[in-house]
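One structure is given here, and the rest of the page talks about it.
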Amino acid sequence: MAKQPHLLVEPGEVNDVALLPGDPDRVDRIAGHCENVDVLAENREYRVVNATAHGTDLTICSTGIGAPSAAIAVEELAAVGVETFIRVGTAGALQAGIEIGDMVVATGATKDEGTTRRYEADTVPAVPDYEVLDALVAACKGADEEIHVGPVATDDAFYAETDEYVAEWEAGGVRAVEMEAAAIFSLARRKGLRSGAICTID
């Protein structure tokens, strides 16, 4: 198989588990806490790095902003062997009592974006893999930050999040709004792969 056209990686170059921040600079920040860091490729919004954290070999790949570019990253990483996708990023709080610096582990994501519609109906839920979700919650226990577990909203239109949208999400108990989780959850599920998401409120 040739190199993937956007990520510029091939089978055998990546690890089974991939962390997916949006911002390429966050790839470097995450890698700064790891060992055995090896930069594989950089192209457009995508920066791909292999590293080892606490004895686990990881691939760290930025996705850029939004579901369309996140979907490209999942498609191409899956094609070269990644089996578990974990979104790590930032989100905006939607509930009183969720503060800046708190963490949200997503139990599902609303499909307020257009990418997943090209794959499946809106009625098909965008949910993470249970084992990944459980592991993320367990990993947060004992952390200094407050942890919130529940659904998030995935939205395409950062500057069109009206008061009405926000009120509806808030009334529905949605914990936070971000821009990639629904696509990552949906594509991983459709491929029989695993996914999860943990975001810090900014």
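Residue numbering restarts at 1 for every chain of the structure tokens, chains are lettered A, B, ... in their displayed order, and ligands are numbered from 1 as they appear.
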List the spatial neighbours of range 116-124 of chain A as a PyMOL selection string - criterion: any atom at most 7 Å away, only C-alpha atoms, same-chain residues fewer than 3 positions off excluded.
chain A and resi 111+183+186
- Which neighbours of Arg190 in chain A fall inside 12 Å, counting only C-alpha atoms, when residues of the same chain fewer than 3 positions from it are skipped, and could you give them as an MDAnalysis selection string? chainID A and resid 74:75 78 116 119:120 124:129 183:187 193:195
Using only C-alpha atoms, what does the table of range 18-116 of chain A residues within 10 Å of range 159-171 of chain A look like, with each row giving the shortest atom pair and its distance in Å to one decimal, sorted by chain and ascending number, as CSV?
```
residue,atom,partner,partner_atom,distance
A:Ala93,CA,A:Glu170,CA,9.3
A:Leu94,CA,A:Glu170,CA,5.5
A:Gln95,CA,A:Glu170,CA,6.0
A:Ala96,CA,A:Glu170,CA,9.0
A:Thr110,CA,A:Trp169,CA,9.1
A:Asp112,CA,A:Tyr165,CA,9.8
```
Would you mind exporting C-alpha atoms of the selected residues as a PDB file, in the first residue's frame?
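For reference, out_25.pdb as written:
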```pdb
ATOM      1  CA  ALA A  93     -18.464  24.039  29.009  1.00  0.00           C
ATOM      2  CA  LEU A  94     -22.245  23.857  28.672  1.00  0.00           C
ATOM      3  CA  GLN A  95     -23.265  23.179  32.278  1.00  0.00           C
ATOM      4  CA  ALA A  96     -23.049  25.309  35.410  1.00  0.00           C
ATOM      5  CA  THR A 110     -24.392  14.952  19.147  1.00  0.00           C
ATOM      6  CA  ASP A 112     -24.334  18.818  14.890  1.00  0.00           C
TER       7      ASP A 112
END
```
| field | Atomic separation - CA of Thr63 in chain A relative to CA of Pro151 in chain A, Å | value |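 Those two atoms sit 20.9 Å apart.
Each of A:Gly108, A:Gly12, A:Gly81, A:Gly196 was compared to Leu133 in chain A using only C-alpha atoms, and A:Gly196 turns out to be the nearest.
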